[in-house]
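S.K.: Below is the file run04.txt, with compact mmCIF, C-alpha atoms.
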# COMPACT_ATOMS: atom_id res chain seq x y z
CA MET D 1 0.00 0.00 0.00
CA ILE D 2 1.29 3.46 -0.93
CA ASP D 3 0.63 5.94 1.87
CA VAL D 4 -0.09 9.44 0.57
CA LEU D 5 -0.24 12.87 2.22
CA PHE D 6 -2.30 15.37 0.20
CA ALA D 7 -1.72 19.09 0.77
CA ASP D 8 -4.14 21.53 -0.89
CA ASP D 9 -5.98 24.54 0.48
CA HIS D 10 -9.17 23.82 -1.46
CA GLU D 11 -11.38 21.46 0.54
CA MET D 12 -13.42 20.26 -2.42
CA VAL D 13 -10.25 19.37 -4.33
CA ARG D 14 -8.96 17.40 -1.36
CA ILE D 15 -12.26 15.59 -0.95
CA GLY D 16 -12.56 14.66 -4.62
CA VAL D 17 -8.97 13.57 -5.22
CA SER D 18 -8.67 11.79 -1.87
CA ALA D 19 -11.86 9.83 -2.53
CA TYR D 20 -10.61 8.66 -5.91
CA LEU D 21 -7.14 7.75 -4.65
CA SER D 22 -8.44 5.90 -1.59
CA ALA D 23 -10.64 3.82 -3.90
CA GLN D 24 -7.48 2.46 -5.55
CA PRO D 25 -6.41 -0.97 -4.27
CA ASP D 26 -2.79 0.10 -3.72
CA ILE D 27 -3.11 3.74 -2.54
CA GLU D 28 -4.31 5.18 0.76
CA VAL D 29 -4.55 8.87 1.65
CA VAL D 30 -3.37 8.76 5.27
CA ALA D 31 -3.58 12.51 5.92
CA GLU D 32 -4.58 15.83 4.42
CA ALA D 33 -3.21 19.35 4.94
CA ASP D 34 -4.67 22.71 3.99
CA ASP D 35 -1.46 24.72 4.42
CA GLY D 36 2.25 24.30 3.78
CA GLY D 37 3.17 24.46 7.45
CA ASP D 38 0.64 21.76 8.27
CA ALA D 39 2.02 19.68 5.39
CA VAL D 40 5.56 19.93 6.77
CA GLU D 41 4.46 18.83 10.24
CA LYS D 42 2.42 15.88 8.99
CA ALA D 43 5.07 14.81 6.47
CA LEU D 44 7.79 14.67 9.12
CA GLU D 45 5.48 12.94 11.61
CA LEU D 46 3.91 10.34 9.32
CA LYS D 47 6.70 9.87 6.73
CA PRO D 48 4.24 8.96 3.92
CA ASP D 49 5.48 7.19 0.82
CA VAL D 50 4.42 10.05 -1.47
CA ILE D 51 3.34 13.65 -0.84
CA LEU D 52 0.96 15.48 -3.18
CA MET D 53 1.76 19.18 -2.82
CA ASP D 54 -0.23 22.15 -4.08
CA LEU D 55 1.90 25.24 -4.77
CA VAL D 56 -0.34 28.16 -3.82
CA MET D 57 -1.54 27.88 -0.23
CA LYS D 58 -2.09 30.31 2.62
CA GLU D 59 0.58 31.03 5.24
CA MET D 60 3.24 28.80 3.61
CA ASP D 61 3.27 27.89 -0.08
CA GLY D 62 4.14 24.52 -1.55
CA ILE D 63 7.63 25.53 -2.63
CA GLU D 64 8.70 26.51 0.88
CA ALA D 65 6.97 23.45 2.32
CA THR D 66 8.83 21.23 -0.14
CA ARG D 67 12.11 22.94 0.73
CA GLN D 68 11.59 22.43 4.47
CA ILE D 69 10.53 18.81 4.12
CA MET D 70 13.51 17.93 1.93
CA ALA D 71 15.90 19.71 4.28
CA GLN D 72 14.75 17.55 7.20
CA TRP D 73 13.82 14.39 5.28
CA PRO D 74 15.84 14.10 2.04
CA GLU D 75 14.23 10.76 1.15
CA ALA D 76 10.78 12.33 0.75
CA LYS D 77 9.07 11.90 -2.61
CA ILE D 78 7.00 14.95 -3.46
CA ILE D 79 4.68 15.43 -6.42
CA ILE D 80 3.73 19.01 -7.20
CA VAL D 81 0.10 19.17 -8.35
CA THR D 82 -0.77 22.67 -9.50
CA SER D 83 -2.47 24.84 -12.10
CA PHE D 84 0.69 26.85 -12.71
CA LEU D 85 3.27 26.41 -15.45
CA ASP D 86 5.02 29.76 -15.17
CA ASP D 87 8.78 29.81 -14.72
CA GLU D 88 8.73 31.30 -11.22
CA LYS D 89 6.77 28.27 -10.03
CA VAL D 90 8.24 25.37 -12.03
CA TYR D 91 11.97 25.89 -11.46
CA PRO D 92 11.85 26.79 -7.74
CA ALA D 93 9.64 23.76 -7.07
CA LEU D 94 12.06 21.38 -8.79
CA GLU D 95 15.07 23.05 -7.24
CA ALA D 96 13.44 22.70 -3.82
CA GLY D 97 13.49 18.94 -4.33
CA ALA D 98 10.15 17.94 -5.85
CA THR D 99 10.37 14.61 -7.65
CA SER D 100 7.48 15.06 -10.06
CA TYR D 101 5.37 17.92 -11.44
CA MET D 102 1.76 17.40 -12.51
CA LEU D 103 -1.03 19.77 -13.53
CA LYS D 104 -4.49 19.87 -11.97
CA THR D 105 -5.87 19.46 -15.48
CA SER D 106 -4.53 15.90 -15.39
CA LYS D 107 -7.02 13.07 -15.07
CA ALA D 108 -7.36 11.48 -11.65
CA SER D 109 -6.07 8.25 -13.14
CA GLU D 110 -2.94 10.07 -14.32
CA ILE D 111 -2.33 11.41 -10.82
CA ALA D 112 -2.66 7.87 -9.49
CA GLU D 113 -0.16 6.59 -12.04
CA ALA D 114 2.22 9.43 -11.15
CA ILE D 115 1.99 8.39 -7.50
CA ARG D 116 2.88 4.81 -8.37
CA ALA D 117 5.76 5.84 -10.62
CA THR D 118 7.15 8.37 -8.15
CA HIS D 119 6.96 5.79 -5.38
CA GLN D 120 9.12 3.53 -7.56
CA GLY D 121 11.72 6.27 -7.98
CA GLN D 122 10.73 7.76 -11.31
CA SER D 123 10.40 11.47 -12.03
CA ILE D 124 7.13 12.28 -13.78
CA LEU D 125 7.10 15.67 -15.49
CA GLU D 126 4.36 17.17 -17.62
CA PRO D 127 5.55 17.50 -21.27
CA GLU D 128 5.27 21.28 -20.98
CA VAL D 129 7.55 21.21 -17.93
CA THR D 130 10.11 19.05 -19.69
CA GLY D 131 10.12 21.47 -22.62
CA LYS D 132 10.64 24.44 -20.31
CA ILE D 133 13.55 22.70 -18.59
CA MET D 134 15.22 21.84 -21.89
CA ASN D 135 14.86 25.36 -23.26
CA ARG D 136 16.10 27.05 -20.12
CA MET D 137 18.98 24.73 -19.37
CA ARG D 138 20.33 24.88 -22.90
CA GLU D 139 20.73 28.62 -22.48
CA LYS D 140 23.11 28.12 -19.56
CA PRO D 141 26.86 27.51 -20.04
CA SER D 142 28.10 23.97 -19.71
CA ASP D 143 30.21 23.03 -16.70
CA ASP D 144 31.04 19.60 -18.13
CA LEU D 145 30.83 17.74 -14.82
CA HIS D 146 29.58 14.74 -16.79
CA ASP D 147 33.06 14.35 -18.27
CA GLN D 148 33.96 12.68 -14.97
CA LEU D 149 31.44 9.90 -15.54
CA THR D 150 32.56 6.48 -16.70
CA ASP D 151 30.94 4.95 -19.77
CA ARG D 152 28.74 2.77 -17.55
CA GLU D 153 27.72 5.74 -15.39
CA MET D 154 26.85 7.75 -18.50
CA GLU D 155 24.75 4.84 -19.75
CA ILE D 156 22.88 4.61 -16.45
CA LEU D 157 22.35 8.39 -16.33
CA LYS D 158 20.61 8.20 -19.71
CA HIS D 159 18.34 5.43 -18.41
CA VAL D 160 17.55 7.50 -15.30
CA ALA D 161 16.69 10.47 -17.53
CA GLN D 162 14.27 8.21 -19.42
CA GLY D 163 12.37 7.65 -16.16
CA LYS D 164 13.47 4.07 -15.53
CA THR D 165 13.67 2.68 -12.01
CA ASN D 166 16.83 1.12 -10.59
CA GLN D 167 15.29 -2.33 -11.00
CA GLU D 168 14.41 -1.69 -14.64
CA ILE D 169 17.95 -0.49 -15.31
CA ALA D 170 19.40 -3.54 -13.60
CA ASP D 171 17.19 -5.88 -15.66
CA GLU D 172 18.02 -4.15 -18.93
CA LEU D 173 21.79 -4.02 -18.34
CA TYR D 174 21.94 -7.46 -16.70
CA ILE D 175 23.63 -6.17 -13.56
CA ALA D 176 22.74 -6.37 -9.87
CA LEU D 177 20.31 -3.89 -8.35
CA LYS D 178 22.93 -3.05 -5.73
CA THR D 179 25.40 -2.20 -8.50
CA VAL D 180 22.92 0.19 -10.09
CA LYS D 181 22.38 1.92 -6.75
CA VAL D 182 26.14 2.39 -6.34
CA HIS D 183 26.42 3.83 -9.85
CA VAL D 184 23.51 6.21 -9.27
CA SER D 185 25.10 7.39 -6.03
CA ASN D 186 28.39 8.00 -7.84
CA ILE D 187 26.57 9.88 -10.62
CA LEU D 188 24.86 12.21 -8.15
CA GLY D 189 28.16 12.89 -6.45
CA LYS D 190 30.09 13.62 -9.64
CA LEU D 191 27.35 15.85 -11.04
CA GLU D 192 27.08 17.65 -7.69
CA VAL D 193 23.31 17.15 -7.53
CA GLN D 194 21.16 15.98 -4.64
CA ASP D 195 18.68 13.64 -6.27
CA ARG D 196 17.54 11.88 -9.44
CA THR D 197 15.34 14.78 -10.53
CA GLN D 198 18.28 17.17 -10.54
CA ALA D 199 20.33 14.56 -12.42
CA VAL D 200 17.58 14.41 -15.06
CA ILE D 201 17.61 18.20 -15.32
CA TYR D 202 21.40 18.08 -15.77
CA ALA D 203 21.06 15.47 -18.50
CA PHE D 204 18.61 17.64 -20.45
CA LYS D 205 20.74 20.72 -19.88
CA HIS D 206 23.75 19.06 -21.47
CA ASP D 207 21.89 17.28 -24.30
CA LEU D 208 22.75 13.85 -22.92
CA VAL D 209 19.30 12.45 -23.72
CA GLU D 210 18.15 11.81 -27.25
Let me see the file written as structure tokens.

M.R.:
Amino acid sequence: MIDVLFADDHEMVRIGVSAYLSAQPDIEVVAEADDGGDAVEKALELKPDVILMDLVMKEMDGIEATRQIMAQWPEAKIIIVTSFLDDEKVYPALEAGATSYMLKTSKASEIAEAIRATHQGQSILEPEVTGKIMNRMREKPSDDLHDQLTDREMEILKHVAQGKTNQEIADELYIALKTVKVHVSNILGKLEVQDRTQAVIYAFKHDLVE
């Protein structure tokens, strides 16, 4: 069962989405929050498998809440679910540590699938978000940190950027899951990034993904 914390300041949205998700055989909404501060407290107390985070909330917004949660619990998996695609929302949310970014225009079934994928370690980004990242990152100068990667690490980075889980990478490359985890850890260290999402952003920035 995937335990989910849902933070959104609109009660009707929480009721509707929570009802749908809780009807799924493998998902349970264990708590709700109507403010970023409340989301931080409940996330650190309950340690849910996945957090659904709205961006615009009273008192504390979703970006700051994400930042605080990740600072105290780096393993958290946070999905931004918002109506906003503007630059001042997308980039800060991802930089704060969000794993995935979905729009409220998405179908409930798509949100459920994003929860499952994010729980498995994948980064789910709306196509519009991916396009924004590619356009923005290509405008920035290259720092060539990826030159430090071995051929195997570069290969695994490309698989990570394609949204594959560690197990899927291990199966495809015929190597042990533990070996993949070591490679991913080395990749994050060499690229000077904190998580898989930032590694994906790096890969797009440097045109490492076809």

S.K.: Show me, as a PyMOL selection string, the residues that have an atom within 8 Å of segment 149-161 of chain D when counting only C-alpha atoms, minus same-chain residues fewer than 4 positions from it.

M.R.: chain D and resi 122+145+165-166+169+180+183-184+186-187+190+196+199-200+203-204+208-209

S.K.: Print the selection's residues with C-alpha atoms to a file, as an mmCIF file, keeping the file's coordinate frame.

M.R.:
data_model
loop_
_atom_site.group_PDB
_atom_site.id
_atom_site.type_symbol
_atom_site.label_atom_id
_atom_site.label_comp_id
_atom_site.auth_asym_id
_atom_site.auth_seq_id
_atom_site.Cartn_x
_atom_site.Cartn_y
_atom_site.Cartn_z
ATOM 1 C CA GLN D 122 10.730 7.760 -11.310
ATOM 2 C CA LEU D 145 30.830 17.740 -14.820
ATOM 3 C CA THR D 165 13.670 2.680 -12.010
ATOM 4 C CA ASN D 166 16.830 1.120 -10.590
ATOM 5 C CA ILE D 169 17.950 -0.490 -15.310
ATOM 6 C CA VAL D 180 22.920 0.190 -10.090
ATOM 7 C CA HIS D 183 26.420 3.830 -9.850
ATOM 8 C CA VAL D 184 23.510 6.210 -9.270
ATOM 9 C CA ASN D 186 28.390 8.000 -7.840
ATOM 10 C CA ILE D 187 26.570 9.880 -10.620
ATOM 11 C CA LYS D 190 30.090 13.620 -9.640
ATOM 12 C CA ARG D 196 17.540 11.880 -9.440
ATOM 13 C CA ALA D 199 20.330 14.560 -12.420
ATOM 14 C CA VAL D 200 17.580 14.410 -15.060
ATOM 15 C CA ALA D 203 21.060 15.470 -18.500
ATOM 16 C CA PHE D 204 18.610 17.640 -20.450
ATOM 17 C CA LEU D 208 22.750 13.850 -22.920
ATOM 18 C CA VAL D 209 19.300 12.450 -23.720
#

S.K.: Please provide the set of residues having any atom within 12 Å of Val40 of chain D, restricted to all atoms listed in the file, with same-chain residues fewer than 4 positions apart removed, written as a ChimeraX atom specification.

M.R.: /D:5-7,31-36,44-48,51-53,60-73,76,78

S.K.: Just the number, please: distance in Å from atom CA of Val4 of chain D to atom CA of Glu168 of chain D, one decimal.

M.R.: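 Distance between the two atoms: 23.8 Å.
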
S.K.: Which neighbours of Ser100 of chain D fall inside 7 Å, counting all atoms listed in the file, when residues of the same chain fewer than 3 positions from it are skipped, and could you give them as a CSV table (one decimal) with C-alpha atoms, in the coordinates of the input?

M.R.:
chain,number,residue,atom,x,y,z
D,78,ILE,CA,7.0,15.0,-3.5
D,79,ILE,CA,4.7,15.4,-6.4
D,80,ILE,CA,3.7,19.0,-7.2
D,118,THR,CA,7.2,8.4,-8.2
D,123,SER,CA,10.4,11.5,-12.0
D,124,ILE,CA,7.1,12.3,-13.8
D,125,LEU,CA,7.1,15.7,-15.5

S.K.: Which residues are close to Glu110 of chain D, i.e. within 12 Å by all atoms listed in the file, leaving aside same-chain residues fewer than 3 positions away? Reply as a list in words.

M.R.: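 Counting all atoms listed in the file, the residues come to Val17, Tyr20, Leu21, Val81, Tyr101, Met102, Leu103, Lys104, Thr105, Ser106, Lys107, Glu113, Ala114, Ile115, Arg116, Ala117, Thr118, Ile124, Leu125 and Glu126 of chain D.
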
S.K.: Mind giving me the straight-line distance from atom CA of Gly37 of chain D to atom CA of Leu94 of chain D in Å, one decimal?

M.R.: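 Distance between the two atoms: 18.8 Å.
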
S.K.: Give me, please, the distance in Å between atom CA of Glu88 of chain D and atom CA of Leu188 of chain D, quoted to one decimal.

M.R.: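 Going from atom CA of Glu88 of chain D over to atom CA of Leu188 of chain D, I get 25.2 Å.
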